[in-house]
file input-v7.txt (compact mmCIF, C-alpha atoms)
# COMPACT_ATOMS: atom_id res chain seq x y z
CA MET A 1 0.00 0.00 0.00
CA ALA A 2 2.90 2.33 0.69
CA ASN A 3 4.24 1.82 -2.82
CA GLU A 4 0.99 2.69 -4.53
CA GLN A 5 0.97 6.07 -6.22
CA LEU A 6 -2.06 8.26 -6.28
CA PRO A 7 -3.25 9.26 -9.78
CA GLN A 8 -2.19 12.76 -10.71
CA PRO A 9 -4.58 15.14 -12.46
CA PRO A 10 -3.74 15.87 -16.08
CA SER A 11 -1.46 18.81 -16.61
CA THR A 12 -3.16 21.83 -18.05
CA ALA A 13 0.08 23.43 -19.21
CA ALA A 14 0.67 20.89 -21.93
CA THR A 15 -2.85 21.08 -23.36
CA PRO A 16 -3.00 23.49 -26.31
CA HIS A 17 -5.84 26.02 -26.28
CA ARG A 18 -6.27 26.40 -30.01
CA PRO A 19 -9.74 28.00 -29.98
CA VAL A 20 -8.55 30.67 -27.54
CA VAL A 21 -5.44 31.35 -29.64
CA GLN A 22 -7.49 31.57 -32.82
CA GLU A 23 -9.97 33.94 -31.20
CA ALA A 24 -7.12 36.11 -29.97
CA SER A 25 -5.50 36.21 -33.41
CA ILE A 26 -8.80 37.13 -35.09
CA ALA A 27 -9.35 39.88 -32.54
CA ASP A 28 -5.83 41.19 -33.13
CA MET A 29 -6.34 41.17 -36.88
CA ALA A 30 -9.65 43.01 -36.56
CA HIS A 31 -8.09 45.52 -34.20
CA ARG A 32 -5.14 46.06 -36.57
CA TRP A 33 -7.44 46.41 -39.58
CA LEU A 34 -9.61 48.94 -37.77
CA HIS A 35 -6.54 50.87 -36.63
CA ASP A 36 -5.16 50.97 -40.18
CA LEU A 37 -8.52 52.06 -41.57
CA ILE A 38 -8.83 54.90 -39.07
CA GLY A 39 -5.25 55.96 -39.79
CA THR A 40 -5.90 55.98 -43.54
CA LEU A 41 -9.08 58.00 -43.17
CA TRP A 42 -7.38 60.43 -40.83
CA SER A 43 -4.47 60.88 -43.24
CA LEU A 44 -6.88 61.41 -46.12
CA LEU A 45 -8.72 64.02 -44.07
CA THR A 46 -5.73 65.95 -42.70
CA ASP A 47 -2.72 65.46 -44.99
CA ARG A 48 -3.70 67.57 -47.98
CA PRO A 49 -6.80 69.22 -49.46
CA VAL A 50 -8.46 67.02 -52.07
CA SER A 51 -10.26 67.99 -55.28
CA LEU A 52 -8.97 71.56 -55.41
CA TYR A 53 -9.59 71.76 -59.16
CA ALA A 54 -13.10 70.34 -58.74
CA ALA A 55 -13.88 72.92 -56.06
CA SER A 56 -12.68 75.66 -58.40
CA VAL A 57 -14.87 74.30 -61.19
CA LEU A 58 -17.85 74.41 -58.84
CA ARG A 59 -17.01 78.00 -57.90
CA ILE A 60 -16.71 79.09 -61.52
CA GLY A 61 -19.77 77.13 -62.62
CA TYR A 62 -22.18 78.29 -59.94
CA GLY A 63 -20.93 81.86 -60.00
CA LEU A 64 -21.42 81.99 -63.76
CA LEU A 65 -24.82 80.28 -63.59
CA TYR A 66 -26.19 82.67 -61.03
CA LEU A 67 -24.74 85.66 -62.85
CA VAL A 68 -26.42 84.56 -66.08
CA PHE A 69 -29.63 83.88 -64.14
CA LEU A 70 -29.68 87.40 -62.69
CA VAL A 71 -28.86 88.97 -66.05
CA ARG A 72 -31.59 86.96 -67.79
CA GLU A 73 -34.19 87.95 -65.20
CA PHE A 74 -33.08 91.59 -65.12
CA PRO A 75 -36.15 92.85 -67.06
CA HIS A 76 -38.42 90.89 -64.68
CA ARG A 77 -36.55 91.56 -61.44
CA ASP A 78 -39.31 93.72 -59.95
CA GLU A 79 -42.01 91.10 -60.58
CA ILE A 80 -39.91 88.31 -59.07
CA TRP A 81 -38.04 89.86 -56.14
CA GLY A 82 -38.86 93.55 -56.08
CA PRO A 83 -41.55 95.64 -54.37
CA GLY A 84 -43.95 94.94 -57.26
CA SER A 85 -43.86 91.17 -56.86
CA PRO A 86 -47.15 89.29 -56.37
CA TRP A 87 -45.41 87.51 -53.51
CA THR A 88 -45.49 90.60 -51.32
CA PRO A 89 -43.07 91.29 -48.45
CA ALA A 90 -45.93 90.60 -46.02
CA LEU A 91 -46.45 87.11 -47.46
CA ALA A 92 -42.71 86.49 -47.42
CA GLN A 93 -42.54 87.55 -43.77
CA GLN A 94 -45.36 85.17 -42.87
CA LEU A 95 -43.43 82.34 -44.52
CA PHE A 96 -40.25 83.37 -42.69
CA ASP A 97 -42.08 83.15 -39.37
CA GLN A 98 -42.89 79.51 -40.17
CA THR A 99 -39.62 78.39 -41.77
CA GLY A 100 -37.03 80.57 -40.04
CA TRP A 101 -35.67 82.00 -43.32
CA ASN A 102 -34.63 85.60 -43.80
CA SER A 103 -33.63 87.91 -46.63
CA ILE A 104 -31.68 91.14 -46.90
CA LEU A 105 -34.16 92.28 -49.55
CA LEU A 106 -36.81 92.79 -46.87
CA LEU A 107 -34.76 95.23 -44.82
CA SER A 108 -36.31 98.10 -46.74
CA ASP A 109 -39.25 98.67 -49.08
CA SER A 110 -37.38 101.30 -51.08
CA ARG A 111 -36.94 100.64 -54.78
CA ALA A 112 -33.51 102.28 -54.69
CA TYR A 113 -32.46 99.81 -52.00
CA PHE A 114 -33.69 96.89 -54.09
CA GLU A 115 -31.80 98.13 -57.17
CA LEU A 116 -28.65 98.50 -55.09
CA CYS A 117 -29.05 94.95 -53.78
CA TYR A 118 -29.49 93.66 -57.33
CA VAL A 119 -26.35 95.41 -58.56
CA MET A 120 -24.40 94.09 -55.57
CA ALA A 121 -25.69 90.58 -56.33
CA LEU A 122 -24.41 90.85 -59.92
CA LEU A 123 -21.04 92.14 -58.73
CA THR A 124 -20.74 89.46 -56.03
CA SER A 125 -21.51 86.67 -58.50
CA ALA A 126 -18.89 87.97 -60.95
CA LEU A 127 -16.17 88.36 -58.30
CA PHE A 128 -16.95 84.94 -56.83
CA MET A 129 -16.70 83.39 -60.28
CA LEU A 130 -13.32 85.08 -60.87
CA GLY A 131 -12.01 84.07 -57.46
CA TRP A 132 -11.20 87.53 -56.05
CA ARG A 133 -10.88 87.39 -52.25
CA THR A 134 -12.64 84.06 -52.42
CA ARG A 135 -13.08 83.55 -48.68
CA ALA A 136 -15.09 86.73 -48.26
CA MET A 137 -16.82 86.45 -51.63
CA SER A 138 -17.99 82.90 -50.90
CA VAL A 139 -19.78 84.13 -47.77
CA LEU A 140 -21.31 87.08 -49.64
CA PHE A 141 -22.37 84.81 -52.50
CA ALA A 142 -24.11 82.46 -50.06
CA VAL A 143 -25.91 85.43 -48.47
CA VAL A 144 -27.00 86.71 -51.91
CA VAL A 145 -28.30 83.33 -53.11
CA THR A 146 -30.08 82.68 -49.80
CA SER A 147 -31.70 86.13 -49.77
CA PHE A 148 -32.95 86.00 -53.35
CA HIS A 149 -34.16 82.43 -52.99
CA ALA A 150 -36.02 83.12 -49.74
CA ARG A 151 -37.56 86.38 -50.94
CA SER A 152 -39.63 84.70 -53.64
CA ILE A 153 -39.35 80.97 -53.20
CA PHE A 154 -42.31 80.10 -55.45
CA MET A 155 -41.41 82.34 -58.40
CA THR A 156 -38.48 80.42 -59.90
CA ASP A 157 -38.21 77.07 -61.68
CA GLY A 158 -36.48 75.18 -58.86
CA GLY A 159 -33.01 75.14 -60.39
CA ASP A 160 -31.80 77.59 -57.77
CA ASN A 161 -32.50 75.07 -54.98
CA LEU A 162 -29.32 73.14 -55.78
CA ILE A 163 -27.36 76.36 -56.29
CA LEU A 164 -28.46 77.43 -52.81
CA LEU A 165 -27.16 74.22 -51.25
CA MET A 166 -23.89 74.34 -53.17
CA ALA A 167 -23.35 78.01 -52.30
CA LEU A 168 -23.60 77.11 -48.61
CA TYR A 169 -21.26 74.15 -48.99
CA LEU A 170 -18.66 76.09 -50.97
CA VAL A 171 -18.15 78.42 -48.01
CA LEU A 172 -16.38 75.50 -46.30
CA THR A 173 -14.06 74.72 -49.20
CA ALA A 174 -10.84 76.30 -50.42
CA CYS A 175 -12.37 76.89 -53.84
CA GLY A 176 -10.05 79.77 -54.73
CA ARG A 177 -6.71 77.95 -54.83
CA ARG A 178 -6.93 77.03 -58.51
CA TRP A 179 -7.97 79.00 -61.59
CA SER A 180 -8.64 82.22 -59.69
CA LEU A 181 -7.30 85.71 -59.18
CA ASP A 182 -6.27 84.68 -55.68
CA ALA A 183 -4.15 81.83 -57.09
CA ARG A 184 -2.53 84.21 -59.58
CA ARG A 185 -1.73 86.71 -56.83
CA GLU A 186 -0.28 83.92 -54.69
CA ARG A 187 1.96 82.75 -57.55
CA LEU A 188 3.27 86.28 -58.08
CA ARG A 189 3.89 86.72 -54.36
CA THR A 190 5.76 83.41 -54.19
CA ALA A 191 7.87 84.35 -57.20
CA ARG A 192 8.82 87.66 -55.60
CA ALA A 193 9.61 86.00 -52.27
CA ASP A 194 11.95 83.37 -53.73
CA ASN A 195 15.03 85.54 -53.29
CA ALA A 196 13.90 87.08 -50.02
CA PRO A 197 15.16 85.63 -46.72
CA VAL A 198 12.70 83.35 -44.94
CA PRO A 199 11.49 84.98 -41.71
CA VAL A 200 12.23 83.02 -38.56
CA ARG A 201 9.09 82.25 -36.59
CA SER A 202 8.81 81.38 -32.95
CA PHE A 203 7.76 77.94 -31.83
CA TYR A 204 4.24 79.04 -30.88
CA ALA A 205 3.77 80.97 -34.12
CA GLN A 206 4.80 77.90 -36.14
CA GLN A 207 2.47 75.68 -34.14
CA LEU A 208 -0.37 78.14 -34.69
CA GLN A 209 0.34 78.22 -38.43
CA ASP A 210 0.37 74.42 -38.66
CA ALA A 211 -2.90 74.20 -36.72
CA ARG A 212 -4.51 76.74 -39.05
CA ILE A 213 -3.40 74.80 -42.14
CA THR A 214 -4.66 71.51 -40.70
CA LEU A 215 -8.00 73.03 -39.74
CA THR A 216 -8.43 74.57 -43.20
CA THR A 217 -7.61 71.24 -44.82
CA VAL A 218 -10.05 69.30 -42.65
CA VAL A 219 -12.90 71.77 -43.24
CA HIS A 220 -12.24 71.77 -47.00
CA ASN A 221 -12.20 67.98 -47.24
CA CYS A 222 -15.39 67.73 -45.19
CA GLY A 223 -17.05 70.27 -47.50
CA ILE A 224 -16.09 68.27 -50.58
CA LEU A 225 -17.38 65.09 -48.93
CA VAL A 226 -20.71 66.76 -48.11
CA ILE A 227 -21.05 68.01 -51.71
CA ALA A 228 -20.41 64.53 -53.11
CA ALA A 229 -22.85 62.98 -50.63
CA GLN A 230 -25.48 65.57 -51.55
CA VAL A 231 -25.22 64.74 -55.26
CA CYS A 232 -25.36 61.00 -54.55
CA PHE A 233 -28.42 61.45 -52.35
CA LEU A 234 -30.09 63.58 -55.01
CA TYR A 235 -29.58 61.03 -57.78
CA GLY A 236 -30.42 58.04 -55.63
CA SER A 237 -33.61 59.52 -54.18
CA ALA A 238 -34.75 60.73 -57.61
CA GLY A 239 -34.29 57.24 -59.06
CA LEU A 240 -36.10 55.56 -56.18
CA TYR A 241 -39.04 57.96 -56.42
CA LYS A 242 -39.28 57.29 -60.16
CA ILE A 243 -39.44 53.54 -59.56
CA GLN A 244 -42.54 53.97 -57.38
CA GLY A 245 -44.49 55.71 -60.15
CA PRO A 246 -46.39 53.73 -62.81
CA THR A 247 -45.49 56.12 -65.63
CA TRP A 248 -41.74 55.53 -65.34
CA GLY A 249 -42.27 51.79 -65.04
CA GLY A 250 -44.46 51.86 -68.14
CA GLY A 251 -42.00 54.02 -70.09
CA THR A 252 -44.48 56.84 -70.68
CA ALA A 253 -43.22 59.48 -68.23
CA LEU A 254 -41.19 61.40 -70.82
CA HIS A 255 -44.16 61.29 -73.21
CA TYR A 256 -46.32 63.17 -70.72
CA ALA A 257 -43.52 65.62 -69.91
CA LEU A 258 -43.01 66.45 -73.59
CA ASN A 259 -46.71 67.24 -74.01
CA LEU A 260 -46.97 69.72 -71.13
CA GLU A 261 -47.25 73.27 -72.42
CA LEU A 262 -45.30 74.57 -69.43
CA PHE A 263 -42.24 72.55 -70.54
CA GLN A 264 -42.36 73.21 -74.28
CA PRO A 265 -39.88 75.94 -75.22
CA TRP A 266 -39.98 74.61 -78.79
CA PRO A 267 -43.27 72.75 -79.35
CA ALA A 268 -42.29 71.52 -82.80
CA LEU A 269 -39.14 69.89 -81.40
CA SER A 270 -41.10 68.31 -78.54
CA HIS A 271 -43.67 66.85 -80.95
CA LEU A 272 -40.88 65.58 -83.21
CA VAL A 273 -39.22 63.68 -80.36
CA ASP A 274 -42.60 62.40 -79.18
CA GLU A 275 -43.04 60.58 -82.51
CA TYR A 276 -40.48 57.93 -81.41
CA PRO A 277 -42.11 56.13 -78.44
CA MET A 278 -39.51 53.37 -78.33
CA VAL A 279 -36.67 55.87 -77.98
CA ILE A 280 -38.60 57.71 -75.26
CA ALA A 281 -39.20 54.48 -73.32
CA ILE A 282 -35.53 53.46 -73.54
CA ALA A 283 -34.44 56.93 -72.41
CA GLY A 284 -36.80 56.72 -69.43
CA TYR A 285 -35.57 53.30 -68.32
CA LEU A 286 -31.94 54.36 -68.79
CA THR A 287 -32.53 57.48 -66.69
CA VAL A 288 -33.94 55.49 -63.79
CA LEU A 289 -31.16 52.90 -64.01
CA LEU A 290 -28.37 55.48 -64.01
CA GLN A 291 -29.85 57.48 -61.15
CA VAL A 292 -30.28 54.45 -58.92
CA ALA A 293 -26.85 53.02 -59.78
CA PHE A 294 -25.00 56.34 -59.58
CA PRO A 295 -23.84 56.11 -55.92
CA PHE A 296 -22.47 52.59 -56.54
CA VAL A 297 -20.29 53.31 -59.59
CA LEU A 298 -18.25 56.20 -58.18
CA PHE A 299 -15.30 54.07 -57.06
CA GLY A 300 -14.39 52.63 -60.45
CA ARG A 301 -13.88 53.56 -64.05
CA LEU A 302 -17.52 52.90 -64.80
CA LYS A 303 -18.33 56.37 -63.47
CA TYR A 304 -16.88 58.05 -66.58
CA PRO A 305 -19.40 56.62 -69.08
CA VAL A 306 -22.16 57.16 -66.50
CA LEU A 307 -21.20 60.82 -66.11
CA THR A 308 -21.10 61.16 -69.91
CA VAL A 309 -24.61 59.77 -70.30
CA LEU A 310 -25.87 61.99 -67.48
CA LEU A 311 -24.32 64.98 -69.23
CA GLY A 312 -26.33 64.16 -72.35
CA MET A 313 -29.44 63.68 -70.26
CA HIS A 314 -29.11 67.11 -68.64
CA ILE A 315 -28.48 68.76 -71.99
CA GLY A 316 -31.67 67.12 -73.28
CA ILE A 317 -33.60 68.41 -70.25
CA ALA A 318 -32.30 71.93 -70.85
CA VAL A 319 -33.23 71.91 -74.55
CA LEU A 320 -36.47 69.91 -74.59
CA LEU A 321 -38.02 70.92 -71.25
CA GLY A 322 -36.67 74.46 -71.03
CA LEU A 323 -34.86 74.06 -67.67
CA PRO A 324 -31.36 75.40 -68.36
CA LEU A 325 -30.69 76.56 -64.80
CA PHE A 326 -31.49 73.17 -63.28
CA SER A 327 -29.52 71.30 -65.95
CA GLY A 328 -26.54 73.60 -65.58
CA ALA A 329 -26.57 73.20 -61.80
CA MET A 330 -26.58 69.39 -62.14
CA ILE A 331 -23.80 69.39 -64.75
CA VAL A 332 -21.60 71.53 -62.51
CA ALA A 333 -22.38 69.31 -59.52
CA ASP A 334 -21.27 66.22 -61.44
CA ALA A 335 -17.84 67.83 -61.91
CA VAL A 336 -16.95 67.11 -58.28
CA PHE A 337 -16.45 63.42 -59.13
CA LEU A 338 -13.72 64.02 -61.72
CA PRO A 339 -10.17 63.71 -60.35
CA ASP A 340 -7.71 66.57 -60.23
CA ARG A 341 -5.44 64.91 -62.78
CA PHE A 342 -8.24 65.28 -65.33
CA TYR A 343 -8.46 69.04 -64.78
CA ALA A 344 -4.67 69.41 -64.64
CA PHE A 345 -4.46 67.75 -68.06
CA LEU A 346 -6.97 70.15 -69.66
CA PRO A 347 -4.48 73.04 -70.23
CA HIS A 348 -2.06 70.68 -71.99
CA LEU A 349 -4.90 69.34 -74.11
CA TRP A 350 -5.99 72.88 -74.98
CA ARG A 351 -2.48 73.92 -76.01
CA ARG A 352 -2.12 70.81 -78.16
CA ALA A 353 -5.48 71.45 -79.83
CA THR A 354 -4.62 75.09 -80.54
CA ARG A 355 -1.30 74.09 -82.11
CA ARG A 356 -3.01 71.55 -84.36
CA THR A 357 -5.77 73.89 -85.48
CA GLY A 358 -3.39 76.80 -86.03
CA MET A 359 -5.09 79.10 -83.52
CA ARG A 360 -1.77 79.77 -81.84
CA ARG A 361 0.84 81.25 -84.13
CA PRO A 362 4.42 80.10 -83.81
CA ALA A 363 6.95 82.47 -82.33
CA PRO A 364 8.44 84.85 -84.96
CA ALA A 365 11.87 83.87 -86.22
CA ARG A 366 14.84 86.05 -85.49
CA ALA A 367 16.11 88.47 -88.11
CA VAL A 368 18.97 87.15 -90.15
CA GLY A 369 22.19 88.76 -89.07
CA SER A 370 25.43 88.32 -87.25
CA ALA A 371 23.51 87.49 -84.04
CA SER A 372 21.69 84.50 -85.54
CA VAL A 373 23.93 83.28 -88.37
CA PRO A 374 27.38 82.00 -87.50
CA PRO A 375 30.23 83.82 -89.28
CA GLN A 376 31.40 82.27 -92.55
CA GLY A 377 34.98 81.89 -93.80
CA ARG A 378 38.29 82.28 -92.07
CA PRO A 379 39.53 85.52 -90.59
CA VAL A 380 42.00 87.41 -92.75
CA GLU A 381 45.21 88.29 -91.03
CA PRO A 382 46.52 91.82 -91.62
CA GLY A 383 49.66 90.76 -93.51
CA SER A 384 48.12 87.91 -95.50
CA LYS A 385 48.07 87.94 -99.32
CA HIS A 386 44.97 85.80 -99.55
CA ARG A 387 41.65 87.61 -99.50
CA ALA A 388 38.30 86.22 -98.58
CA PRO A 389 35.75 85.59 -101.33
CA ALA A 390 33.44 88.44 -102.30
CA GLY A 391 30.43 86.92 -100.61
CA GLN A 392 32.30 86.58 -97.33
CA GLN A 393 33.90 90.00 -97.06
CA GLY A 394 32.97 91.99 -94.02
CA THR A 395 32.10 88.97 -91.90
CA ALA A 396 33.11 89.04 -88.29
CA PRO A 397 35.83 86.65 -87.15
CA GLY A 398 34.57 83.51 -85.47
call {"tool": "encode", "arguments": {"input": "input-v7.txt", "output": "structure tokens"}}
result
Amino acid sequence: MANEQLPQPPSTAATPHRPVVQEASIADMAHRWLHDLIGTLWSLLTDRPVSLYAASVLRIGYGLLYLVFLVREFPHRDEIWGPGSPWTPALAQQLFDQTGWNSILLLSDSRAYFELCYVMALLTSALFMLGWRTRAMSVLFAVVVTSFHARSIFMTDGGDNLILLMALYLVLTACGRRWSLDARRERLRTARADNAPVPVRSFYAQQLQDARITLTTVVHNCGILVIAAQVCFLYGSAGLYKIQGPTWGGGTALHYALNLELFQPWPALSHLVDEYPMVIAIAGYLTVLLQVAFPFVLFGRLKYPVLTVLLGMHIGIAVLLGLPLFSGAMIVADAVFLPDRFYAFLPHLWRRATRRTGMRRPAPARAVGSASVPPQGRPVEPGSKHRAPAGQQGTAPG
């Protein structure tokens, strides 16, 4: 009995815990993937401003659109926004009490004040389009668009709704760093400061400058992201609403739109297009398909043909339905999805096209003379018996 050994419990140290190890490795991989994703997104948000050319295109496009809109409605400005509008200031104020809107046009009932506001709106749109003091002009442009839109919200065709949203979003972006007067002034200032000594800043001043640059970059990138999300939401919601209607599902929606007198700028052209029902049905189905699929094709090369077809669709809406402001606003909004390398390549493409078509003349050749033609013949020494040929006399020595 003394020699009997009691049974020992099995050792837990030698038993492998593979499920626990696998769970730990999966958790580590998920944690590492999430950490890398957050780091990538943070770098994309803070490292550099994205889509600077696209933001400049939006600034130029919407500034030009609103300038053309105000010029076109100049003869009818009093009936739309002025003191003689059917939508009186009292009605506008009642709507403001319900919606919280406001307008600088209602600060006075004077006609002189309204004319001054209209001239300032024209000037603000032009300066915003050109990119002069873009930070201040973007705020003034947003105030102008908001005031004119709120003053007579039911008197326009609805194309200014998107311009209003984009004007508010562009305040957040650095839309004056490309193709603007501000960018030209910055290039000239940098060229003049190349030879100047770099001023030495204190540590706190440098930290403040870096923080300002980072904050500007983050706000700009968030503004571009909001603009892109707004366009995606607009296309997606429009496509989903069309699917719910029986006319779009039956392919007859465009037929009814072409036969509305309100949307017939050229009735003969509308009736001509209406004679091809199969083409109209295909165009309707293609419109719904592209609008629903638009948010899902932005991360590949398929977005380029989709944007091209949408460009044709908006041109057709502008011509056939008489909605140029809405179509122009949508075309400009689509430009945010084109990369900066596309816009940077446009000047080279333009110069190449002008050289091929002969629009740009070559530089004039230099006048023939001793400065452009190398001297001919050998120099004649003073005591030499040989003379240079007649055609080479008077040439300068090499």
call {"tool": "atom_distance", "arguments": {"input": "input-v7.txt", "atom1": "atom CA of Arg356 of chain A", "atom2": "atom CA of Ser56 of chain A"}}
result
28.0 Å
call {"tool": "closest_residue", "arguments": {"input": "input-v7.txt", "among": "A:Ile224, A:Leu95, A:Ala112, A:Leu338", "to": "Phe299 of chain A", "atoms": "only C-alpha atoms"}}
result
A:Leu338
call {"tool": "axis_aligned_box", "arguments": {"input": "input-v7.txt", "around": "segment 143-156 of chain A", "padding_each_side": "8 Å", "output": "lines of an AutoDock Vina configuration file"}}
result
center_x = -34.1
center_y = 83.4
center_z = -54.2
size_x = 32.4
size_y = 22.6
size_z = 27.4
call {"tool": "residues_around", "arguments": {"input": "input-v7.txt", "residues": "Arg77 of chain A", "least_positions_apart": "4", "cutoff": "12 Å", "atoms": "all atoms listed in the file", "output": "PyMOL selection string"}}
result
chain A and resi 69-73+81-86+111+114-115+117-119+148+151-152+155-156
call {"tool": "write_last_selection", "arguments": {"input": "input-v7.txt", "atoms": "C-alpha atoms", "output": "PDB file, in the coordinates of the input"}}
result
ATOM      1  CA  PHE A  69     -29.630  83.880 -64.140  1.00  0.00           C
ATOM      2  CA  LEU A  70     -29.680  87.400 -62.690  1.00  0.00           C
ATOM      3  CA  VAL A  71     -28.860  88.970 -66.050  1.00  0.00           C
ATOM      4  CA  ARG A  72     -31.590  86.960 -67.790  1.00  0.00           C
ATOM      5  CA  GLU A  73     -34.190  87.950 -65.200  1.00  0.00           C
ATOM      6  CA  TRP A  81     -38.040  89.860 -56.140  1.00  0.00           C
ATOM      7  CA  GLY A  82     -38.860  93.550 -56.080  1.00  0.00           C
ATOM      8  CA  PRO A  83     -41.550  95.640 -54.370  1.00  0.00           C
ATOM      9  CA  GLY A  84     -43.950  94.940 -57.260  1.00  0.00           C
ATOM     10  CA  SER A  85     -43.860  91.170 -56.860  1.00  0.00           C
ATOM     11  CA  PRO A  86     -47.150  89.290 -56.370  1.00  0.00           C
ATOM     12  CA  ARG A 111     -36.940 100.640 -54.780  1.00  0.00           C
ATOM     13  CA  PHE A 114     -33.690  96.890 -54.090  1.00  0.00           C
ATOM     14  CA  GLU A 115     -31.800  98.130 -57.170  1.00  0.00           C
ATOM     15  CA  CYS A 117     -29.050  94.950 -53.780  1.00  0.00           C
ATOM     16  CA  TYR A 118     -29.490  93.660 -57.330  1.00  0.00           C
ATOM     17  CA  VAL A 119     -26.350  95.410 -58.560  1.00  0.00           C
ATOM     18  CA  PHE A 148     -32.950  86.000 -53.350  1.00  0.00           C
ATOM     19  CA  ARG A 151     -37.560  86.380 -50.940  1.00  0.00           C
ATOM     20  CA  SER A 152     -39.630  84.700 -53.640  1.00  0.00           C
ATOM     21  CA  MET A 155     -41.410  82.340 -58.400  1.00  0.00           C
ATOM     22  CA  THR A 156     -38.480  80.420 -59.900  1.00  0.00           C
TER      23      THR A 156
END
call {"tool": "closest_residue", "arguments": {"input": "input-v7.txt", "among": "A:Ser237, A:Gln244, A:Thr146, A:Gln291", "to": "Asn102 of chain A", "atoms": "only C-alpha atoms"}}
result
A:Thr146
call {"tool": "closest_residue", "arguments": {"input": "input-v7.txt", "among": "A:Tyr204, A:Phe345, A:Trp132, A:Phe141", "to": "Arg184 of chain A", "atoms": "only C-alpha atoms"}}
result
A:Trp132
call {"tool": "residues_around", "arguments": {"input": "input-v7.txt", "residues": "Thr134 of chain A", "least_positions_apart": "4", "cutoff": "9 Å", "atoms": "only C-alpha atoms", "output": "JSON list (two decimals) with C-alpha atoms, in the coordinates of the input"}}
result
[["chain", "number", "residue", "atom", "x", "y", "z"],
["A", 127, "LEU", "CA", -16.17, 88.36, -58.30],
["A", 128, "PHE", "CA", -16.95, 84.94, -56.83],
["A", 129, "MET", "CA", -16.70, 83.39, -60.28],
["A", 130, "LEU", "CA", -13.32, 85.08, -60.87],
["A", 138, "SER", "CA", -17.99, 82.90, -50.90],
["A", 139, "VAL", "CA", -19.78, 84.13, -47.77],
["A", 174, "ALA", "CA", -10.84, 76.30, -50.42],
["A", 175, "CYS", "CA", -12.37, 76.89, -53.84],
["A", 176, "GLY", "CA", -10.05, 79.77, -54.73],
["A", 177, "ARG", "CA", -6.71, 77.95, -54.83],
["A", 180, "SER", "CA", -8.64, 82.22, -59.69],
["A", 181, "LEU", "CA", -7.30, 85.71, -59.18],
["A", 182, "ASP", "CA", -6.27, 84.68, -55.68]]
call {"tool": "residues_around", "arguments": {"input": "input-v7.txt", "residues": "Ser327 of chain A", "least_positions_apart": "2", "cutoff": "10 Å", "atoms": "only C-alpha atoms", "output": "ChimeraX atom specification"}}
result
/A:159,311,313-319,322-325,329-333
call {"tool": "atom_distance", "arguments": {"input": "input-v7.txt", "atom1": "atom CA of Gly251 of chain A", "atom2": "atom CA of Tyr285 of chain A"}}
result
6.7 Å
call {"tool": "closest_residue", "arguments": {"input": "input-v7.txt", "among": "A:Phe296, A:Trp179, A:Trp248, A:Phe263", "to": "Phe233 of chain A", "atoms": "all atoms listed in the file"}}
result
A:Phe296
call {"tool": "closest_residue", "arguments": {"input": "input-v7.txt", "among": "A:Cys232, A:Val336, A:Ala27, A:Leu44", "to": "Val218 of chain A", "atoms": "all atoms listed in the file"}}
result
A:Leu44
call {"tool": "residues_around", "arguments": {"input": "input-v7.txt", "residues": "segment 90-94 of chain A", "least_positions_apart": "3", "cutoff": "10 Å", "atoms": "all atoms listed in the file", "output": "list of chain:residue names"}}
result
A:Pro86, A:Trp87, A:Asp97, A:Gln98, A:Thr99, A:Gly100, A:Trp101, A:Asn102, A:Ser103, A:Leu106, A:Ala150, A:Arg151, A:Ser152, A:Ile153
call {"tool": "closest_residue", "arguments": {"input": "input-v7.txt", "among": "A:Ser202, A:Gln207, A:Leu289, A:Met278", "to": "Ile243 of chain A", "atoms": "all atoms listed in the file"}}
result
A:Leu289
call {"tool": "residues_near_point", "arguments": {"input": "input-v7.txt", "point": "(-23.7, 59.5, -61.8)", "cutoff": "10 Å", "atoms": "only C-alpha atoms", "output": "ChimeraX atom specification"}}
result
/A:231-232,235-236,290-298,302-311,334,337
call {"tool": "atom_distance", "arguments": {"input": "input-v7.txt", "atom1": "atom CA of Ser147 of chain A", "atom2": "atom CA of Pro75 of chain A"}}
result
19.1 Å
call {"tool": "residues_around", "arguments": {"input": "input-v7.txt", "residues": "Tyr62 of chain A", "least_positions_apart": "3", "cutoff": "7 Å", "atoms": "all atoms listed in the file", "output": "list in words"}}
result
Leu58, Arg59, Leu65, Tyr66, Ile163 and Ala329 of chain A
